[in-house]
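K.L.:
First the structure, then my questions, so here it is.
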Amino acid sequence: MKGYVIVDGIKTAINDAKNLLEVIRSAGIELPTFCYHSELSTFGACRMCIVEDDRGRIMTSCSTIPYDGMVVYTNTPRLRKYRRNILELLLANHDRDCTTCIKSSRCKLQELALTMGVRDVRFENITEKKPVDRSSPSIVRDPNKCIMCGECVRMCEEVQGVGAICIANRGASIEVVAAYGKPLAESNCVNCGQCRSVCPTGALTIKNDNKDVWDAINDPKKRVIVQIAPAVRVAIGEEFGEAPGTEVMGRLVAALRKMGVDEVYDTTIGADLTVTEETAEFIARVREGKNIPLFTSCCPGWMQFVKTKYPELLPNVSTCRSPMEMFGVVIKEYFKDADKEEDRQTVNVAIMPCTAKKAEAALPEFTTDAGRDVDFVLTTQELCMMIKESGIQFAELSEEAADMPFGLGSGAGVIFGVTGGVTESVIRQVSNAHSKETLRDIAFTPVRGMNGIRELSLEFEGQTLRVAIVNGLKNADMLIKKLKSGEVSYDFIEVMACTGGCIGGAGQPLPQTSEVREARAKGLYGADSVAQIKRSEENPTIETLYNGLLKGKEHILHVPGRH
Amino acid sequence: MATIDLTVVDDIIREHQSNKQNIIAILQDVQKVFRYLPEEALNHISVKLDMTPAKIYSIATFYENFSLKPKGKYIIRICDGTACHVKHSIPILNALKKKLELDDGKHTSSDMLFTLETVSCLGACGLAPVMMVNDTVHSKVTPEYAEQLIDKIRAEEA
Amino acid sequence: MKITSTKNLRNLKSQYSEALDSLEMRVLVCGGTGCVAGGSVKIYEKIRDLAKEAGVKVCVSLDVHECGGIGIHESACHGFCENGPIVIIKPQDWLYTKVTIDDCEDIVNETIIGKRPVERLFYTNVNGTFDKYHNIPFYEKQKRISLGNCGEADVNSLAEYIARDGYIALANALDNLSGDEICKIVTDAELRGRGGGGYPAGRKWTQVKRQPNFPKYVVCNGDEGDPGAFMDRSLLEGDPHRIIEGMIIAGIAVDAEFGYVYVRAEYPLAVERLKRAIEEAREAGILGDDILGSGKKFDLQVNQGAGAFVCGEGSALTASIEGERGMPRVKPPRTVEAGLFGKPTVLNNVETFANVPNIILNGADAFKSIGTEKSPGTKAFAVTGNVETTGLIEVPMGITMREIVFDICGGIKNGKKFKAVQIGGPSGGCLPEQYLDMPLDFDSLASVGAMIGSGGLVVLDEDTCMVEIARFFMNFTQNESCGKCIPCREGTKRMLEILERIVAGEGREGDIDLLLELGETISVTALCGLGKSAANPVLSTLKYFREEYEAHIRDKRCPAGVCKALAPITIDPEKCKGCSKCAKNCPVNAISGKIKEPFVIDENVCIKCGACVSSCPFGAIIGG
């Protein structure tokens with residue numbers, strides 16, 4: 001639609017906006033909403049985005065199609081009254097323990113109640129307190145704080161295609177639950193955590209493991225090793241006033257040292273190992289013509305999804321551990337002797353953009369008698385809290401380099417954090433690309449970009465290999481259905497559960513818009529372009545590892561029995 | 001191990017062309033067979049129709065007629081529509097509650113013979129107050145009549 | 001029997017008419033839900049069997065080859081349910097009421113064989129005994145058109161439906177009318193939706209006709225959920241072919257080839273009869289791939305509700321047919337553009353479709369000659385509550401409430417005073433005495449904040465507490481709210497909470513204002529039509545009976561004496577020994593009396609603190 005809407009007297013172009021709300025927001029007016037998310041279907045349940053037209057009619061702008069010549073007001077006395085009433089009704093049922101709520105000062109309900117001037121609630125809270133669901137290793141669900149906006153359910157279903165949670169019952173007893181009202185851990189939840197990244201209140205939050213990590217840091221008997229995933233460094237700055245995409249790895253290392261961890265490493269090393277192993281696996285399978293296509297295995301959300309929904313595809317999934325787990329087992333191996341000598345215990349802490357990594361770390365295949373290969377996973381957000389708790393002024397930190405021998409990763413490892421990154425790194429390896437031109441050529445294929453499903457082909461030993469890159473589990477689900485029906489066929493398929501890949505992980509700072517995700521991706525590609533080493537196998541650390549610690553023990557980088 | 005006969009569920013799904021759209025009708029038929037919606041049956045439908053268990057659960061809990069707990073052989077629905085309400089339907093409900101030893105949390109009698117429900121209107125307002133026992137409408141009901149009906153059914157079932 | 005052409009149908013019609021006329025006498029036993037509940041099925045069987053035993057030539061189902069004799073049939077609901085089971089004798093038009101199994105022998109011997117009435121079964125009221133049913137006041141002012149076959153015809157017979165001009169409108173449409181022409185006739189007739197809003201059906205059809213997307217659907221809303229309404233049930237049970245015919249015509253008009261009838265689960269008989277009728281129509285070639293040999297397609301499916309009032313809302317109903325939770329969705333897109341399965345959809349209620357065959361058959365002008373200018377035609381109402389005769393009626397639009405309540409339904413029961421009529425179910429409002437003479441049509445009702453809704457009329461007498469009625473409806477709405485939008489989910493809950501405390505005698509100063517404020521917020525901001533009208537029963541009773549609310553809140557008194565918690569505290573003179581202990585304990589000196597004689601409480605002074613109740617050693621004080 002072309003034309004203009006008069007928003008509070010200001011002529012505002014419609015510019016093909018899909019609804020009136022978008023037009024109004026483009027006029028610089030931040031209409032309140034709880035249930036509107038531009039990437040999900042319109043629900044129209046919160047009724048906060050109401051506007052009044054020149055005939056006094058009141059409508060929700062999220063569900064109104066704008067037309068040329070439309071006149072609307074966004075801030076009339078009636079609208080203010082209704083919005084306040086709606087908020088008051090919500091607050092009346094809400095568990096108002098705001099001061100101790102983890103979402104305090106980031107809660108949409110709290111923010112709107114403050115800005116809309118709700119100072120008094122005229123109704124008593126008579127709702128019975130429901131138990132908090134802490135069953136999941138990744139997500140805590142507090143039904144007492146749910147306002148039934150349904151964003152989580154739509155995210156889980158529409159974007160992730162998982163459908164672990166639903167809106168059950170009706171009327172005042174309506175609630176968001178997993179099937180049969182069972183705990184989340186007993187559902188088909190893949191722990192991707194995207195539900196929490198759209199939750200406006202404290203109803204869905206990340207399971208917090210800060211205390212355990214603090215305890216480890218404060219225990220002299222524990223050697224606390226931290227690894228930092230690529231996607232973290234381009235997002236964490238947002239919590240400290242930096243623009244999205246700003247690469248702050250150096251300051252992050254400095255902050256962690258100040259907090260008292262023993263060594264700080266870069267998960268990029270793990271990614272380099274993965275590229276090396278997975279490329280070898282891929283080439284072997286192509287030559288053998290067995291278990292093709294090969295699906296990547298680095299994303300724990302995807303792994304859980306395939307395990308529960310398509311177990312028959314497991315033989316097609318790479319046997320490689322994820323970079324975090326590869327690196328975790330290497331670190332444990334590396335310090336094994338030192339631990340014995342010094343009578344200390346190495347504690348692996350991974351800083352991840354991801355909530356599903358918490359679940360991955362707890363899997364039996366990554367646990368030995370000595371404990372977990374990765375002891376604790378902290379999301380970007382949890383680390384932020386720890387930095388703030390320590391009183392560290394992040395902006396004022398000087399950059400520091402990660403510890404050796406595991407502080408140096410390749411550019412290929414860094415771009416693991418964005419959708420297509422794994423594929424690009426594997427292509428670099430497979431095609432033996434060295435020259436700047438070849439690398440640039442690869443980068444210009446659909447391997448980069450944010451589309452949900454991207455395809456490209458690759459020449460290898462006289463064969464044309466078909467590659468698909470998928471992000472968002474709903475897209476993966478669609479692709480698998482097509483694969484099964486024979487509509488498409490591929491040799492290599494990269495799947496990342498979250499939109500945009502790890503940069504859009506649910507452990508990252510909020511809000512996560514497409515602009516934010518693109519800026520973070522740009523940050524990672526920037527880090528790659530300035531990296532001295534571009535290809536994983538050129539990383540000297542990798543060579544050292546294969547010739548030393550891993551010699552004859554390469555199998556520890558794999559999960560046995562996946563096929 | 002399946003504790004219920006899933007082939008019955010398969011037949012029902014087939015009768016409805018294995019079509020997701022017909023999920024409500026499928027659930028209705030499943031409930032007719034088992035007198036409630038057993039979790040096993042729902043999980044089975046979920047696999048057959050490629051719907052998540054959560055989705056089926058959300059549908060099943062939306063509609064009043066579905067029950068995830070076993071219901072009695074006789075479903076007694078007391079109409080509490082406007083017409084019946086003004087003609088004293090609540091005393092009937094209370095009398096039956098007492099007779100069947102039910103309370104607000106318990107709707108099915110211990111012998112699994114009766115489930116007591118209220119319904120907003122049976123559309124038989126001219127005969128108020130009414131109640132329905134399975135598909136049979138009883139008109140101008142009194143608490144005594146309702147109690148006798150229970151005795152009669154119990155005697156028949158004994 | 002396959003009807004292969006419209007010509008074939010017209011021939012059949014005259015043959016069936018002849019067969020019908022050749023019947024010497026007809027005994028029609030009502031088979032509506034009400035009479036069935038009263039045992040009418042057994043009565044029908046007994047009359048039939050006794051007649052056969054007596055050697056009477058009995059015609060059980062109408063056929064072209066078998067004429068003459070006595071027709072003994074099950075008919076649809078007469079609407080006179082309170083006096084059921086009902087038996088009608090034709091051509092004499094005798095109406096027997098409250099027939100029992102013991103009356104069957106007399107009916108056979110006297111009426112069928114002897115051609116004499118069984119007078120003791122005639123309807124009697126204070127004005128006398130009525131032999132012919134048209135003379136009964138209940139029927140006198142009615143104009144039964146869409147209910148025309150109900151009670152007059154064999155409910156199980158496609159043949160009789162055809163004999164009574166059934167499917168002739170469809171034949172006419174197939175023979176002579178284009179889709180646009182059908183839409184135009186319906187538009188010209190100004191047929192307005194009978195399900196509540198009164199939106200012009202012709203306009204809806206024309207909009208769907210114009211949509212370029214296919215397939216298109218025709219959906220019949222039979223999810224009649226308003227407590228106190230059963231018009232649609234009677235139509236579906238009583239004349240299912242009429243609904244089918246109306247829907248096929250709609251399908252032809254808008255180029256839809258498939259339709260759905262959504263019927264509430266609480267109407268098993270309606271579902272059964274409708275399904276049978278669809279099957280019959282399919283076998284006869286009226287539904288299917290080649291309607292009456294025209295080459296046009298249309299077929300129907302019955303979807304049974306599963307117990308959710310909100311599914312009566314259009315978008316919730318389509319969601320339910322699609323196999324989803326019946327939650328209303330935001331509009332646009334509108335149902336006519338993207339309704340069922342996202343396709344253009346004609347969605348009308350049962351009664352609206354029931355009106356269509358007559359409009360096509362007799363023309364728009366004939367339809368408009370009845371009713372008012374802006375609301376032409378007739379409307380079925382279910383009248384219940386405190387009237388002498390409850391039941392189902394069909395009257396011209398524009399009739400007054402007074403005519404319905406006092407002329408047709410015989411006034412208020414037990415000589416009580418009229419207080420209000422609750423119209424339009426939980427979405428409607430309560431209209432007090434001052435509106436008794438207002439014409440009942442869409443616009444007049446809208447102007448006073450009420451609506452026809454689906455047509456439920458609940459008559460309330462002076463003994464009704466309006467606050468309690470408001471609470472009743474709010475409780476209903478609150479139970480039936482789908483829970484999607486905040487104003488309806490949370491707002492109705494809080495309104496109910498306030499109403500509950502008012503009737504419990506715990507109303508607070510400011511509660512009325514809070515109710516008004518919440519009511520306004522819900523009415524303006526709720527997502528769907530049901531939510532927007534959820535507060536109507538409260539708002540309308542507040543408008544017309546505000547003093548009752550005030551009496552509850554301020555004086556802790558229920559003027560109608562309904563609310564138990566507000567009932568005055570009284571002393572039982574039988575038990576009172578006159579010890580004066582209560583008077584001494586009363587903090588406001590409301591109790592007086594002579595020692596050793598029964599004491600009394602002055603209701604106007606009493607504050608219901610209950611101090612007297614606990615102080616009485618004899619348990620003589622009741623209430624509080």
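Each chain in the structure tokens gets a letter, A, B, ..., in the order shown, and its residues are numbered from 1; ligands are numbered from 1 in order too.
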Go through chain B and flag each residue having an atom no more than 7 Å from chain A; for those, report the closest pair of atoms plus their distance in Å to one decimal, using only C-alpha atoms, ordered by chain and rising number, as a tab-separated table.
P.N.:
residue	atom	partner	partner_atom	distance
B:Thr52	CA	A:Gly163	CA	6.1
B:Pro53	CA	A:Ala179	CA	5.6
B:Ala54	CA	A:Ala179	CA	4.0
B:Lys55	CA	A:Cys166	CA	6.2
B:Tyr57	CA	A:Ala179	CA	5.7
B:Ser58	CA	A:Ala168	CA	4.4
B:Thr61	CA	A:Asn169	CA	4.6
B:Phe62	CA	A:Asn169	CA	4.8
K.L.:
Could you list, with a cut-off of 8 Å and counting only C-alpha atoms, the residues of chain B near chain C, each shown with its nearest atom pair and the distance in Å rounded to one decimal, rows sorted by chain and ascending number, as a Markdown table?
P.N.:
| residue | atom | partner | partner_atom | distance |
| --- | --- | --- | --- | --- |
| B:Lys20 | CA | C:Gly323 | CA | 6.8 |
| B:Gln21 | CA | C:Gly323 | CA | 4.5 |
| B:Asn22 | CA | C:Gly323 | CA | 5.8 |
| B:Ile23 | CA | C:Gly323 | CA | 5.5 |
| B:Ile24 | CA | C:Gly323 | CA | 5.8 |
| B:Ala25 | CA | C:Gln304 | CA | 7.3 |
| B:Gln28 | CA | C:Ala306 | CA | 7.7 |
| B:Ser58 | CA | C:Arg325 | CA | 7.1 |
| B:Ile59 | CA | C:Arg325 | CA | 5.1 |
| B:Phe62 | CA | C:Arg325 | CA | 6.1 |
| B:Tyr63 | CA | C:Gly307 | CA | 5.1 |
| B:Glu64 | CA | C:Gly307 | CA | 4.7 |
| B:Asn65 | CA | C:Gly307 | CA | 5.3 |
| B:Phe66 | CA | C:Ala306 | CA | 7.2 |
| B:Gly81 | CA | C:Pro227 | CA | 4.5 |
| B:Thr82 | CA | C:Pro227 | CA | 5.4 |
| B:Ala83 | CA | C:Gly385 | CA | 5.3 |
| B:Val86 | CA | C:Gly385 | CA | 6.8 |
| B:Lys87 | CA | C:Gly385 | CA | 7.8 |
| B:Ser120 | CA | C:Pro227 | CA | 6.1 |
| B:Cys121 | CA | C:Pro227 | CA | 4.8 |
| B:Leu122 | CA | C:Glu266 | CA | 5.8 |
| B:Gly123 | CA | C:Phe230 | CA | 4.6 |
| B:Ala124 | CA | C:Gly34 | CA | 6.1 |
| B:Cys125 | CA | C:Gly228 | CA | 5.8 |
| B:Gly126 | CA | C:Gly391 | CA | 5.2 |
| B:Leu127 | CA | C:Glu82 | CA | 5.8 |
| B:Asp135 | CA | C:Pro268 | CA | 6.6 |
| B:Thr136 | CA | C:Ala37 | CA | 7.1 |
| B:Val137 | CA | C:Ala37 | CA | 5.2 |
| B:His138 | CA | C:Ala37 | CA | 5.4 |
| B:Ser139 | CA | C:Ala37 | CA | 6.1 |
K.L.:
DSSP on the backbone, then: every residue of range 5-152 of chain B marked strand (DSSP E or B), written as a VMD selection string.
P.N.:
chain B and resid 74 to 79 103 106 108 114 to 119 131 to 133 136 to 138
K.L.:
Keeping only C-alpha atoms, write the selected residues to a file as a compact mmCIF listing (two decimals), in the first residue's frame.
P.N.:
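Saved file result02.txt follows:
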# COMPACT_ATOMS: atom_id res chain seq x y z
CA TYR B 74 -23.46 -42.19 32.30
CA ILE B 75 -22.76 -38.54 31.77
CA ILE B 76 -25.31 -36.43 33.53
CA ARG B 77 -25.47 -32.88 32.32
CA ILE B 78 -27.53 -30.50 34.38
CA CYS B 79 -28.65 -27.54 32.34
CA ASP B 103 -17.48 -32.26 45.17
CA LYS B 106 -14.56 -34.71 41.86
CA THR B 108 -17.12 -38.83 38.58
CA PHE B 114 -21.71 -41.39 36.68
CA THR B 115 -20.04 -38.14 35.71
CA LEU B 116 -21.86 -35.01 36.72
CA GLU B 117 -21.48 -31.83 34.69
CA THR B 118 -23.29 -28.59 34.20
CA VAL B 119 -23.99 -27.27 30.75
CA MET B 131 -30.95 -32.60 32.42
CA MET B 132 -29.41 -34.93 29.93
CA VAL B 133 -28.23 -38.44 30.70
CA THR B 136 -31.52 -38.57 26.60
CA VAL B 137 -33.19 -35.38 27.74
CA HIS B 138 -35.21 -35.42 30.94
K.L.:
Between B:Met51, B:Val8, B:Ala128, B:Leu68, which has the minimum distance to Glu39 in chain B (counting only C-alpha atoms)?
P.N.:
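With only C-alpha atoms as the atom set, the closest residue is B:Leu68.
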K.L.:
May I have the residues of chain C within 8 Å of chain A, counting only C-alpha atoms, written as a short mmCIF file (atom, residue, chain, number, x, y, z; two decimals) with N, CA and C atoms, in the first residue's frame?
P.N.:
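What landed in part-v2.cif:
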data_model
loop_
_atom_site.label_atom_id
_atom_site.label_comp_id
_atom_site.auth_asym_id
_atom_site.auth_seq_id
_atom_site.Cartn_x
_atom_site.Cartn_y
_atom_site.Cartn_z
N ARG C 329 -9.99 -14.84 15.88
CA ARG C 329 -8.76 -14.21 15.40
C ARG C 329 -9.04 -12.75 15.06
N VAL C 330 -7.96 -12.01 14.88
CA VAL C 330 -8.12 -10.60 14.57
C VAL C 330 -8.62 -10.45 13.13
N LYS C 331 -9.37 -9.38 12.91
CA LYS C 331 -9.83 -9.06 11.56
C LYS C 331 -9.35 -7.66 11.24
N PRO C 332 -8.98 -7.31 10.03
CA PRO C 332 -9.03 -8.15 8.83
C PRO C 332 -8.01 -9.28 8.88
N GLN C 478 -17.82 -15.40 31.70
CA GLN C 478 -16.50 -15.64 32.28
C GLN C 478 -16.09 -17.09 32.07
N ASN C 479 -17.05 -18.01 32.23
CA ASN C 479 -16.78 -19.43 32.00
C ASN C 479 -16.49 -19.72 30.55
N GLU C 480 -17.13 -18.94 29.69
CA GLU C 480 -17.05 -19.24 28.27
C GLU C 480 -16.03 -18.38 27.54
N SER C 481 -15.42 -17.44 28.22
CA SER C 481 -14.39 -16.61 27.58
C SER C 481 -13.28 -17.53 27.09
N CYS C 482 -12.80 -17.27 25.88
CA CYS C 482 -11.76 -18.16 25.36
C CYS C 482 -10.44 -17.88 26.05
N GLY C 483 -10.31 -16.69 26.62
CA GLY C 483 -9.10 -16.37 27.38
C GLY C 483 -8.01 -15.72 26.56
N LYS C 484 -8.30 -15.45 25.31
CA LYS C 484 -7.24 -14.93 24.45
C LYS C 484 -6.91 -13.47 24.78
N CYS C 485 -7.90 -12.60 24.70
CA CYS C 485 -7.56 -11.19 24.92
C CYS C 485 -7.72 -10.81 26.39
N ILE C 486 -6.86 -9.89 26.81
CA ILE C 486 -6.80 -9.54 28.22
C ILE C 486 -8.10 -8.91 28.75
N PRO C 487 -8.70 -7.96 28.03
CA PRO C 487 -9.89 -7.32 28.60
C PRO C 487 -10.99 -8.32 28.93
N ARG C 489 -10.67 -11.76 29.22
CA ARG C 489 -10.24 -12.79 30.16
C ARG C 489 -10.17 -12.26 31.59
N GLU C 490 -9.46 -11.16 31.75
CA GLU C 490 -9.24 -10.64 33.10
C GLU C 490 -10.39 -9.74 33.54
N GLY C 491 -10.93 -8.97 32.58
CA GLY C 491 -11.98 -8.01 32.91
C GLY C 491 -13.25 -8.68 33.38
N LYS C 493 -13.54 -11.55 34.66
CA LYS C 493 -13.28 -12.20 35.94
C LYS C 493 -13.45 -11.20 37.08
N ARG C 494 -12.91 -10.01 36.87
CA ARG C 494 -13.00 -8.99 37.93
C ARG C 494 -14.42 -8.46 38.07
N LEU C 518 -14.85 -0.92 33.97
CA LEU C 518 -14.41 -2.18 33.38
C LEU C 518 -15.28 -2.54 32.19
N THR C 521 -14.27 -0.56 29.23
CA THR C 521 -12.98 -1.01 28.70
C THR C 521 -13.14 -2.30 27.90
N VAL C 524 -15.07 -1.76 24.54
CA VAL C 524 -14.33 -1.08 23.48
C VAL C 524 -13.14 -1.91 23.02
N THR C 525 -12.45 -2.55 23.95
CA THR C 525 -11.15 -3.10 23.56
C THR C 525 -11.11 -4.61 23.35
N ALA C 526 -12.16 -5.35 23.68
CA ALA C 526 -12.09 -6.81 23.52
C ALA C 526 -11.92 -7.18 22.06
N LEU C 527 -11.40 -8.36 21.83
CA LEU C 527 -11.04 -8.76 20.47
C LEU C 527 -12.25 -9.11 19.62
#
K.L.:
For range 566-574 of chain C, list every protein, DNA or RNA residue within 10 Å, evaluated using only C-alpha atoms, and leave out those in the same chain fewer than 2 positions away; present the list as a compact mmCIF listing (two decimals) with C-alpha atoms, in the first residue's frame.
P.N.:
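around.txt written:
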# COMPACT_ATOMS: atom_id res chain seq x y z
CA ILE C 502 -22.41 -7.35 45.83
CA VAL C 503 -24.90 -10.23 45.93
CA ALA C 504 -23.08 -11.59 48.96
CA GLY C 505 -23.74 -8.34 50.75
CA GLU C 506 -20.12 -7.27 50.62
CA ALA C 551 -29.81 -1.18 47.59
CA HIS C 552 -27.47 -4.17 47.65
CA ILE C 553 -24.37 -2.11 48.22
CA ASP C 555 -28.57 -0.75 52.32
CA LYS C 556 -27.38 -4.36 52.23
CA ARG C 557 -30.81 -5.25 50.98
CA CYS C 558 -32.00 -7.30 48.01
CA PRO C 559 -35.27 -5.69 46.89
CA ALA C 560 -36.44 -8.89 45.19
CA GLY C 561 -35.52 -10.94 48.23
CA VAL C 562 -33.42 -13.31 46.17
CA CYS C 563 -29.92 -12.82 47.49
CA LYS C 564 -29.70 -15.04 50.52
CA CYS C 576 -38.52 -16.78 70.78
CA LYS C 577 -39.04 -16.86 74.52
CA GLY C 578 -38.79 -13.09 74.89
CA CYS C 582 -30.76 -10.14 71.53
CA ILE C 591 -34.62 -5.09 68.23
CA GLU C 597 -43.28 -12.13 74.17
CA PRO C 598 -41.66 -12.59 70.77
CA PHE C 599 -39.24 -9.79 69.88
CA VAL C 600 -39.01 -8.19 66.42
CA ILE C 601 -36.19 -6.76 64.34
CA ASP C 602 -36.62 -3.46 62.53
CA GLU C 603 -35.26 -4.28 59.08
CA ASN C 604 -34.58 -0.63 58.35
CA CYS C 606 -30.63 -3.60 61.34
CA ILE C 607 -27.08 -3.65 60.00
CA LYS C 608 -26.92 -7.45 59.89
CA CYS C 609 -23.96 -7.70 62.17
CA GLY C 610 -25.24 -11.02 63.42
CA CYS C 612 -28.21 -11.21 67.93
CA VAL C 613 -27.94 -14.53 66.11
CA CYS C 616 -29.91 -16.12 71.14
CA PHE C 618 -32.96 -20.67 71.64
CA GLY C 619 -31.78 -20.48 68.04
CA ALA C 620 -34.78 -18.36 67.21
CA ILE C 621 -33.00 -15.83 65.05
CA ILE C 622 -32.70 -16.73 61.38
CA GLY C 623 -30.40 -15.24 58.76
CA GLY C 624 -27.36 -13.02 59.00
K.L.:
Just how far from CA of Glu160 in chain C is CA of Ile89 in chain C, in Å to one decimal?
P.N.:
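According to the coordinates, CA of Ile89 in chain C and CA of Glu160 in chain C are separated by 16.6 Å.
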K.L.:
Write out as a PyMOL selection string which residues come within 9 Å of Lys69 in chain B when counting only C-alpha atoms, dropping same-chain ones fewer than 5 positions away.
P.N.:
chain B and resi 35-38
K.L.:
If you keep N, CA and C atoms, can you produce a file of those selected residues as a compact mmCIF listing (two decimals), in the first residue's frame?
P.N.:
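selection-v9.txt written:
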# COMPACT_ATOMS: atom_id res chain seq x y z
N ARG B 35 -14.40 -43.25 26.82
CA ARG B 35 -15.08 -42.36 27.75
C ARG B 35 -14.17 -41.27 28.29
N TYR B 36 -12.98 -41.17 27.79
CA TYR B 36 -12.09 -40.04 28.04
C TYR B 36 -10.97 -40.12 27.01
N LEU B 37 -10.05 -39.18 27.09
CA LEU B 37 -8.97 -39.19 26.12
C LEU B 37 -7.70 -39.69 26.80
N PRO B 38 -7.39 -40.97 26.63
CA PRO B 38 -6.18 -41.49 27.27
C PRO B 38 -4.93 -40.87 26.62
K.L.:
For range 125-137 of chain C, find every residue with an atom within 10 Å (counting only C-alpha atoms), except residues of its own chain fewer than 4 positions away, and show them as JSON, numbers by chain.
P.N.:
{"C": [88, 89, 90, 92, 93, 94, 95, 96, 117, 118, 119, 120, 121, 141, 142, 388, 389, 406, 407, 408, 409, 410]}
K.L.:
Select from range 486-557 of chain A everything DSSP, run on the backbone, classes as helix (DSSP H, G or I), then give the selection as a PDB file with C-alpha atoms, in the first residue's frame.
P.N.:
ATOM      1  CA  CYS A 502      24.564 -18.816  17.184  1.00  0.00           C
ATOM      2  CA  ILE A 503      24.633 -15.014  17.034  1.00  0.00           C
ATOM      3  CA  GLY A 504      20.862 -15.215  17.457  1.00  0.00           C
ATOM      4  CA  SER A 514      16.998  -8.913  12.382  1.00  0.00           C
ATOM      5  CA  GLU A 515      19.070  -5.697  12.418  1.00  0.00           C
ATOM      6  CA  VAL A 516      20.844  -6.771  15.586  1.00  0.00           C
ATOM      7  CA  ARG A 517      21.541 -10.212  14.171  1.00  0.00           C
ATOM      8  CA  GLU A 518      22.924  -8.770  10.968  1.00  0.00           C
ATOM      9  CA  ALA A 519      25.228  -6.434  12.873  1.00  0.00           C
ATOM     10  CA  ARG A 520      26.538  -9.350  14.946  1.00  0.00           C
ATOM     11  CA  ALA A 521      27.144 -11.387  11.771  1.00  0.00           C
ATOM     12  CA  LYS A 522      29.040  -8.447  10.321  1.00  0.00           C
ATOM     13  CA  GLY A 523      31.134  -8.357  13.481  1.00  0.00           C
ATOM     14  CA  LEU A 524      32.146 -12.003  13.041  1.00  0.00           C
ATOM     15  CA  TYR A 525      32.921 -11.644   9.339  1.00  0.00           C
ATOM     16  CA  GLY A 526      34.997  -8.585  10.274  1.00  0.00           C
ATOM     17  CA  ALA A 527      36.972 -10.637  12.780  1.00  0.00           C
ATOM     18  CA  ASP A 528      37.542 -13.278  10.106  1.00  0.00           C
ATOM     19  CA  SER A 529      38.749 -10.735   7.576  1.00  0.00           C
ATOM     20  CA  VAL A 530      41.433  -9.407   9.932  1.00  0.00           C
ATOM     21  CA  SER A 536      41.359 -24.234  10.292  1.00  0.00           C
ATOM     22  CA  GLU A 537      44.064 -26.695   9.363  1.00  0.00           C
ATOM     23  CA  GLU A 538      46.539 -23.834   9.104  1.00  0.00           C
ATOM     24  CA  PRO A 540      49.436 -24.161  14.305  1.00  0.00           C
ATOM     25  CA  THR A 541      47.712 -25.135  17.531  1.00  0.00           C
ATOM     26  CA  ILE A 542      45.692 -27.703  15.636  1.00  0.00           C
ATOM     27  CA  GLU A 543      48.827 -29.197  14.134  1.00  0.00           C
ATOM     28  CA  THR A 544      50.451 -29.335  17.548  1.00  0.00           C
ATOM     29  CA  LEU A 545      47.398 -31.044  19.002  1.00  0.00           C
ATOM     30  CA  TYR A 546      47.212 -33.709  16.332  1.00  0.00           C
ATOM     31  CA  ASN A 547      50.903 -34.420  16.678  1.00  0.00           C
ATOM     32  CA  GLU A 554      41.372 -38.644  17.601  1.00  0.00           C
ATOM     33  CA  HIS A 555      38.339 -40.718  18.510  1.00  0.00           C
ATOM     34  CA  ILE A 556      37.766 -38.641  21.622  1.00  0.00           C
ATOM     35  CA  LEU A 557      36.596 -35.871  19.309  1.00  0.00           C
TER      36      LEU A 557
END
K.L.:
At a cut-off of 12 Å, using only C-alpha atoms, what residues contact Glu111 in chain A? Leave out same-chain residues fewer than 6 positions from it and give the result as a VMD selection string.
P.N.:
chain A and resid 32 to 34 87 91 98 103 to 105 117 to 118 200 to 201
K.L.:
Please identify all polymer residues within 9 Å of range 148-151 of chain B, counting only C-alpha atoms, omitting same-chain residues fewer than 6 positions from it, and present them as a PyMOL selection string.
P.N.:
chain B and resi 96+99-100+114
K.L.:
How many Å separate CA of Ile292 in chain A from CA of Asp491 in chain A?
P.N.:
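Spanning CA of Ile292 in chain A to CA of Asp491 in chain A is a straight-line distance of 5.5 Å.
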K.L.:
Of the candidates C:Ala76, C:Ala159, C:Ala173, C:Ala51, which shows the shortest atom-to-atom distance to Ile112 in chain C, using only C-alpha atoms?
P.N.:
C:Ala51
